[in-house]
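Here is the structure we will look at, set down as C-alpha cells.
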Amino acid sequence: MTTNVYLEFIRRWFWLICAGILIAVVATNSALAQRIPLYQSTATVQVGRSVQDASPEASSMSISQQLVPVYIQLAKRDPVLNTVSETLGIPYSADFLRSRLLISPVPGTQLIDIKVIDADPQLAASIANEIARQMVLQSPGDPKEEETQLFIQSQLTDLQTKIENGQAEIEELEEKIGSSTSAAEVAETRLRLESLQAQVNAWQQSYVALVASSEPSKTNVLAVVNQATPALAPIPAPTIMYYGLGVIIGGGTAAALALGISTFFHSIRRADDLRGVVDGVPVTTIPYLRDIRRHPLVSSSIPASPTAASYRMLRNVLQTGQSDASPISIAVISGRPGEGKTTTVANLAIVLSSIRRSVILVDANVRNPCLDQMFATDTSRGLSDVLLGDCELADALQPTAYPNLTILGAGSIPGNYTDILSPSGARMVVEAVTEMAEIILIDTPSIWEEQEALLVAKAADAAIVVVEAGRVRASEVERTLEILNRSGVQVISIALNKARTSSRFLDRLPFSRDARRRKIGDSRRLARSQPDHILSAKGTQSTSTVERLNNSRRLKNARKSAHVTADADRSESA
C-alpha cells in the first residue's frame with residue numbers, strides 16, 4: 001500500500017506542529033493582553049467650492065478631483081507635519097506622524113479624509129484638525145478671504161443705497177424740470193441732473209466691478225468641512241485575524257523546522273524508511289517496550305506482548321530463509337553500541353528453542369558481556385577461556401532454564417582481550433560450536449566500535465543487523481551494510497528495534513475497545529489454564545445462570561405463542 005508522504009509527514013511531526021501552534025497562540029494572547037488601546041479621529045477637507053455653487057460646472061469639478069491626490073501627497077510631506085508638531089508642541093517627528101496618519105480620498109468626491117491614530121483620543125483629534133488647517137494654509141487661497149468678502153459686501157450695500165437714492169433724486173429733478181416755468185431754473189436743474197446721472201453711472205460701474213471680484217475661486221481652494229472630535233471608544237482589535245496569523249506562523253515555522261530536521265537529521269523510524277535503504281533484505285519491526293530493562297527476556301516473561309510477537313516473527317523469517325535442516329551460525333551485529341542487539345539475540349534464542357530447535361548462544365561481545373547476567377550462568381569460564389586454551393569447549397557450554405538452549409558466555413576476560421579473537425580462532429570456535437547444535441546465535445560488539453565484530457561475522461554463515469529506530473540515520477545503515485558486503489558477510493535480515501508504534505491515545509485508555517478486547521482474551525486464556533476443580537466450582541455457579549437464562553427464554557416463547565394465538569382468533573372472527 002502506498003503511503004501519502006504529506007500525511008505521513010504530518011503524522012510524524014504532528015506533536016511539533018501542535019507545539020508551534022500552541023506557542024504562537026500563547027504569544028498572541030500575551031501580546032493582545034499588553035496591547036495599548038488606540039483611538040482614531042477623522043477630519044474632512046474639501047477641494048474646490050463646486051458643492052456651494054448652485055449650478056456647478058463639470059470642468060470645475062473635474063479639476064478639483066484631479067487636485068485631490070496632489071493635496072494628499074502635500075499633507076504627508078515633512079514641512080506640513082513638522083509645522084503640526086511645532087504648533088501643537090508635541091515631540092513627534094515627521095516620520096512618527098506619518099506612521100500614525102492615513103490620508104485617503106472619498107471615492108467619487110472632492111473630499112479628503114484625514115485619519116490620525118494615537119493612544120490619546122484628544123491628541124489624535126488635535127493632530128487631525130491641525131493637519132487640515134495646515135492644508136488650507138498651503139492652498140493658494142487668501143487666508144483673509146473671509147474679511148475681504150465682508151468688506152466687499154459692505155461696499156456693495158453702500159453703493160446700492162447710493163444708486164437707489166441717486167435714481168430717486170434724478171426722478172425728482174426730471175419732474176421739477178417739467179413743472180418749472182423759468183428758463184434759468186430749468187437750465188440749472190438740467191445741469192444738476194446731468195451731474196447726478198454721471199455720478200449714478202459711476203456708482204453702477206463700481207458696483208459691477210465689486211460684484212465680479214466678490215466671486216471666490218471654485219477649484220484650487222481648500223475648506224474644512226468636518227472638524228475631528230475625540231473618539232469615545234478605542235479601535236476594535238481584529239482578534240480572530242491575529243490568532244489566525246499566529247496559528248499560520250506558528251504551524252508554518254514548526255513545519256519548516258520539522259522539514260529541516262527531516263532533511264538534515266533524517267533517521268530511520270519505520271520499516272518503510274529502512275526498506276528504502278536496504279535492497280531486498282527482509283525487515284522485522286520490534287516495537288518499543290517501556291519495561292524492557294526490567295524484563296529483557298520479554299519472550300518468556302511477557303509472551304503476549306507485541307515485542308515478543310515480533311521476535312517470533314523474526315524467527316519465522318529466519319526459518320523461511322533456511323532451506324534445509326543443516327546447522328547455521330548467525331552473528332547479530334549493529335553499527336553502534338546500545339542499539340539492542342544483545343536483547344534481540346537473547347530473545348531470538350528463546351523463541352527458537354521453544355520450537356524444539358537446539359540453540360547455542362555465544363557471547364562474543366567481550367567489551368560489554370551481558371548474556372551471563374541475563375541467563376544467570378557462571379562467568380568463570382566461557383569463550384575467552386576456550387580461545388586461550390584454559391578450558392574445553394564442552395566444559396564452557398552451560399545449560400539455561402530454557403530447554404534446548406545452551407549458552408557460551410564471554411568467560412573470564414583478561415586485560416588483553418582485544419588480542420584474543422583472531423580470524424582463525426573465531427572461525428575455529430564457530431565451526432566447533434556449529435557441530436553441537438542446529439542454530440548458533442552470536443552476540444558481537446558494534447561494528448564501528450570493535451573490528452572483532454567483523455571477524456565473527458565473517459566466520460559465521462550469515463548476519464542479522466539490528467538498527468535502533470529514531471537514532472540511526474539512513475547513511476549510517478548504508479555504511480554498515482557496505483562494510484559487511486565488502487567483507488563478504490551475507491545479511492539475511494534486519495531488525496528495526498525500539499520502534500515507536502503509532503497507536504492513538506484513546507486506544508491506550510482502560511475503557512477503550514482494544515483494552516476491553518485484551519481483557520477478554522486474558523480472561524479466556526486464564527480460564528483455559530485453570531485446574532479442573534476450580535472450573536467445576538465455577539460450573540455450579542454457571543449452572544444456575546444457565547437455568548435462569550433457559551427459564552427466561554421459555555417465558556418469552558410462551559408469551560410469543562400466546563400473542564400468535566390471539567391474533568389468529570381475531571382473524572378468524574373477522
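Residues are referred to by chain and number: the chain letter is A, B, ... according to the order shown in the C-alpha cells, the number counts from 1 in that chain, and ligands are numbered separately from 1 in the order shown.
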
Alpha helix (DSSP H) positions in segment 37-103 of chain A, given as JSON, numbers by chain: {"A": [58, 59, 60, 61, 62, 63, 64, 65, 66, 67, 68, 69, 70, 71, 72, 73, 74, 75, 78, 79, 80, 81, 82, 83, 84, 85, 86, 87, 88, 94, 95, 96, 97, 98, 99]}

What does the file look like for those residues with N, CA and C atoms, as an mmCIF file, in the first residue's frame?
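So out35.cif came out as:
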data_model
loop_
_atom_site.group_PDB
_atom_site.id
_atom_site.type_symbol
_atom_site.label_atom_id
_atom_site.label_comp_id
_atom_site.auth_asym_id
_atom_site.auth_seq_id
_atom_site.Cartn_x
_atom_site.Cartn_y
_atom_site.Cartn_z
ATOM 1 N N ALA A 58 -18.996 71.190 -14.810
ATOM 2 C CA ALA A 58 -18.314 69.893 -14.856
ATOM 3 C C ALA A 58 -16.805 70.056 -14.888
ATOM 4 N N SER A 59 -16.334 71.085 -15.580
ATOM 5 C CA SER A 59 -14.887 71.315 -15.662
ATOM 6 C C SER A 59 -14.310 71.653 -14.296
ATOM 7 N N SER A 60 -15.030 72.437 -13.487
ATOM 8 C CA SER A 60 -14.538 72.800 -12.154
ATOM 9 C C SER A 60 -14.464 71.564 -11.256
ATOM 10 N N MET A 61 -15.498 70.724 -11.340
ATOM 11 C CA MET A 61 -15.494 69.513 -10.524
ATOM 12 C C MET A 61 -14.363 68.575 -10.944
ATOM 13 N N SER A 62 -14.112 68.453 -12.241
ATOM 14 C CA SER A 62 -13.046 67.587 -12.722
ATOM 15 C C SER A 62 -11.684 68.084 -12.259
ATOM 16 N N ILE A 63 -11.478 69.393 -12.321
ATOM 17 C CA ILE A 63 -10.191 69.951 -11.884
ATOM 18 C C ILE A 63 -9.994 69.726 -10.387
ATOM 19 N N SER A 64 -11.070 69.890 -9.614
ATOM 20 C CA SER A 64 -10.968 69.685 -8.160
ATOM 21 C C SER A 64 -10.603 68.232 -7.840
ATOM 22 N N GLN A 65 -11.218 67.283 -8.547
ATOM 23 C CA GLN A 65 -10.893 65.877 -8.314
ATOM 24 C C GLN A 65 -9.456 65.551 -8.693
ATOM 25 N N GLN A 66 -8.944 66.201 -9.725
ATOM 26 C CA GLN A 66 -7.551 65.975 -10.101
ATOM 27 C C GLN A 66 -6.574 66.579 -9.094
ATOM 28 N N LEU A 67 -7.022 67.592 -8.346
ATOM 29 C CA LEU A 67 -6.161 68.210 -7.347
ATOM 30 C C LEU A 67 -6.137 67.429 -6.034
ATOM 31 N N VAL A 68 -7.089 66.503 -5.833
ATOM 32 C CA VAL A 68 -7.165 65.758 -4.574
ATOM 33 C C VAL A 68 -5.881 64.964 -4.305
ATOM 34 N N PRO A 69 -5.354 64.130 -5.243
ATOM 35 C CA PRO A 69 -4.100 63.401 -4.953
ATOM 36 C C PRO A 69 -2.910 64.312 -4.660
ATOM 37 N N VAL A 70 -2.912 65.493 -5.289
ATOM 38 C CA VAL A 70 -1.808 66.425 -5.060
ATOM 39 C C VAL A 70 -1.813 66.905 -3.616
ATOM 40 N N TYR A 71 -2.983 67.278 -3.118
ATOM 41 C CA TYR A 71 -3.059 67.755 -1.727
ATOM 42 C C TYR A 71 -2.816 66.617 -0.725
ATOM 43 N N ILE A 72 -3.179 65.394 -1.093
ATOM 44 C CA ILE A 72 -2.904 64.263 -0.202
ATOM 45 C C ILE A 72 -1.396 64.084 -0.027
ATOM 46 N N GLN A 73 -0.652 64.109 -1.135
ATOM 47 C CA GLN A 73 0.798 63.993 -1.048
ATOM 48 C C GLN A 73 1.419 65.184 -0.340
ATOM 49 N N LEU A 74 0.821 66.384 -0.525
ATOM 50 C CA LEU A 74 1.334 67.574 0.136
ATOM 51 C C LEU A 74 1.194 67.455 1.648
ATOM 52 N N ALA A 75 0.094 66.876 2.115
ATOM 53 C CA ALA A 75 -0.140 66.765 3.558
ATOM 54 C C ALA A 75 0.800 65.778 4.217
ATOM 55 N N ASP A 78 7.198 66.561 4.927
ATOM 56 C CA ASP A 78 7.804 66.999 6.186
ATOM 57 C C ASP A 78 7.429 68.423 6.571
ATOM 58 N N PRO A 79 7.365 69.407 5.638
ATOM 59 C CA PRO A 79 7.022 70.780 6.071
ATOM 60 C C PRO A 79 5.688 70.855 6.801
ATOM 61 N N VAL A 80 4.675 70.184 6.302
ATOM 62 C CA VAL A 80 3.360 70.227 6.942
ATOM 63 C C VAL A 80 3.398 69.523 8.290
ATOM 64 N N LEU A 81 3.995 68.334 8.338
ATOM 65 C CA LEU A 81 3.991 67.552 9.573
ATOM 66 C C LEU A 81 4.872 68.189 10.642
ATOM 67 N N ASN A 82 6.018 68.741 10.252
ATOM 68 C CA ASN A 82 6.857 69.433 11.239
ATOM 69 C C ASN A 82 6.165 70.667 11.793
ATOM 70 N N THR A 83 5.451 71.378 10.932
ATOM 71 C CA THR A 83 4.699 72.554 11.395
ATOM 72 C C THR A 83 3.614 72.150 12.384
ATOM 73 N N VAL A 84 2.963 71.001 12.125
ATOM 74 C CA VAL A 84 1.932 70.500 13.038
ATOM 75 C C VAL A 84 2.541 70.212 14.409
ATOM 76 N N SER A 85 3.707 69.538 14.440
ATOM 77 C CA SER A 85 4.351 69.231 15.716
ATOM 78 C C SER A 85 4.740 70.490 16.468
ATOM 79 N N GLU A 86 5.271 71.489 15.741
ATOM 80 C CA GLU A 86 5.667 72.740 16.388
ATOM 81 C C GLU A 86 4.459 73.507 16.900
ATOM 82 N N THR A 87 3.384 73.516 16.135
ATOM 83 C CA THR A 87 2.193 74.267 16.543
ATOM 84 C C THR A 87 1.556 73.646 17.788
ATOM 85 N N LEU A 88 1.447 72.313 17.809
ATOM 86 C CA LEU A 88 0.823 71.645 18.948
ATOM 87 C C LEU A 88 1.785 71.442 20.110
ATOM 88 N N ALA A 94 8.334 63.918 11.972
ATOM 89 C CA ALA A 94 7.509 63.762 10.771
ATOM 90 C C ALA A 94 7.306 62.284 10.439
ATOM 91 N N ASP A 95 8.342 61.475 10.606
ATOM 92 C CA ASP A 95 8.205 60.043 10.329
ATOM 93 C C ASP A 95 7.225 59.378 11.289
ATOM 94 N N PHE A 96 7.277 59.775 12.566
ATOM 95 C CA PHE A 96 6.345 59.183 13.525
ATOM 96 C C PHE A 96 4.909 59.577 13.199
ATOM 97 N N LEU A 97 4.689 60.827 12.825
ATOM 98 C CA LEU A 97 3.337 61.254 12.457
ATOM 99 C C LEU A 97 2.849 60.527 11.216
ATOM 100 N N ARG A 98 3.765 60.304 10.257
ATOM 101 C CA ARG A 98 3.362 59.570 9.046
ATOM 102 C C ARG A 98 2.916 58.144 9.381
ATOM 103 N N SER A 99 3.572 57.519 10.388
ATOM 104 C CA SER A 99 3.171 56.164 10.758
ATOM 105 C C SER A 99 1.805 56.125 11.428
#

Step one, run DSSP on the backbone; step two, keep only residues of segment 90-339 of chain A assigned to strand (DSSP E or B); then write them as a PDB file with C-alpha atoms, in the first residue's frame.
ATOM      1  CA  LEU A 101      -1.516  59.114   9.688  1.00  0.00           C
ATOM      2  CA  LEU A 102      -3.877  57.867   6.996  1.00  0.00           C
ATOM      3  CA  ILE A 103      -4.984  60.377   4.340  1.00  0.00           C
ATOM      4  CA  SER A 104      -7.326  58.998   1.706  1.00  0.00           C
ATOM      5  CA  PRO A 105      -9.810  60.453  -0.789  1.00  0.00           C
ATOM      6  CA  LEU A 111     -13.361  65.288  -0.141  1.00  0.00           C
ATOM      7  CA  ILE A 112     -10.208  64.180   1.684  1.00  0.00           C
ATOM      8  CA  ASP A 113     -10.367  62.220   4.974  1.00  0.00           C
ATOM      9  CA  ILE A 114      -7.515  62.826   7.406  1.00  0.00           C
ATOM     10  CA  LYS A 115      -7.390  59.962   9.945  1.00  0.00           C
ATOM     11  CA  VAL A 116      -4.983  60.062  12.884  1.00  0.00           C
ATOM     12  CA  ILE A 117      -4.431  57.160  15.318  1.00  0.00           C
ATOM     13  CA  ASP A 118      -2.985  57.767  18.787  1.00  0.00           C
ATOM     14  CA  LEU A 222      -9.461  74.138   0.349  1.00  0.00           C
ATOM     15  CA  ALA A 223     -12.019  74.299   3.123  1.00  0.00           C
ATOM     16  CA  VAL A 224     -12.530  72.248   6.275  1.00  0.00           C
ATOM     17  CA  VAL A 225     -15.983  70.685   6.163  1.00  0.00           C
ATOM     18  CA  ASN A 226     -15.693  68.417   9.221  1.00  0.00           C
ATOM     19  CA  SER A 267      16.805   8.950  10.999  1.00  0.00           C
ATOM     20  CA  VAL A 283      12.891  -6.147   7.691  1.00  0.00           C
ATOM     21  CA  THR A 284      11.273  -7.041  11.015  1.00  0.00           C
ATOM     22  CA  THR A 285       9.943  -4.309  13.293  1.00  0.00           C
ATOM     23  CA  ILE A 286      10.444  -4.840  17.031  1.00  0.00           C
ATOM     24  CA  PRO A 287       8.178  -2.428  18.979  1.00  0.00           C
ATOM     25  CA  ILE A 328      23.586 -22.472  10.659  1.00  0.00           C
ATOM     26  CA  SER A 329      25.548 -19.852  12.548  1.00  0.00           C
ATOM     27  CA  ILE A 330      24.179 -16.285  12.687  1.00  0.00           C
ATOM     28  CA  ALA A 331      26.007 -13.243  14.024  1.00  0.00           C
ATOM     29  CA  VAL A 332      23.808 -10.453  15.429  1.00  0.00           C
ATOM     30  CA  ILE A 333      25.576  -7.131  14.917  1.00  0.00           C
ATOM     31  CA  SER A 334      24.856  -3.409  14.904  1.00  0.00           C
TER      32      SER A 334
END

Residue among A:Val278, A:Ala124, A:Ile360, A:Cys18 lying closest to Ala231 of chain A, counting only C-alpha atoms: A:Ala124

Point-to-point distance in Å for atom CA of Phe151 of chain A and atom CA of Gln110 of chain A: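 Atom-to-atom, atom CA of Gln110 of chain A to atom CA of Phe151 of chain A, that is 29.1 Å.
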
Best match for closeness to Ile442 of chain A among A:Leu405, A:Ala469, A:Val345, A:Ala396, counting only C-alpha atoms: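 Looking only at the distances to Ile442 of chain A, the closest residue turns out to be A:Val345.
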
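Across the model, the gap from atom CA of Ala495 of chain A to atom CA of Ser422 of chain A is 27.4 Å.
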
Minimum-distance residue to Gly335 of chain A, chosen among A:Arg367, A:Arg381, A:Lys458, A:Arg473 (using only C-alpha atoms): A:Arg473

Pick from A:Arg12, A:Leu232, A:Lys176, A:Val186 nearest to Gly470 of chain A, counting only C-alpha atoms: A:Arg12

Polymer residues at most 12 Å from Ala187 of chain A, only C-alpha atoms, same-chain spacing of 3 or more positions, as a list in words: Leu173, Glu174, Lys176, Ile177, Gly178, Ser180, Thr181, Ser182, Ala183, Ala184, Arg190, Leu191, Arg192, Leu193 and Glu194 of chain A

Near-Ala254 of chain A list (7 Å; only C-alpha atoms; drop same-chain fewer than 5 positions) as a list in words: Leu16, Ile17 and Gly20 of chain A
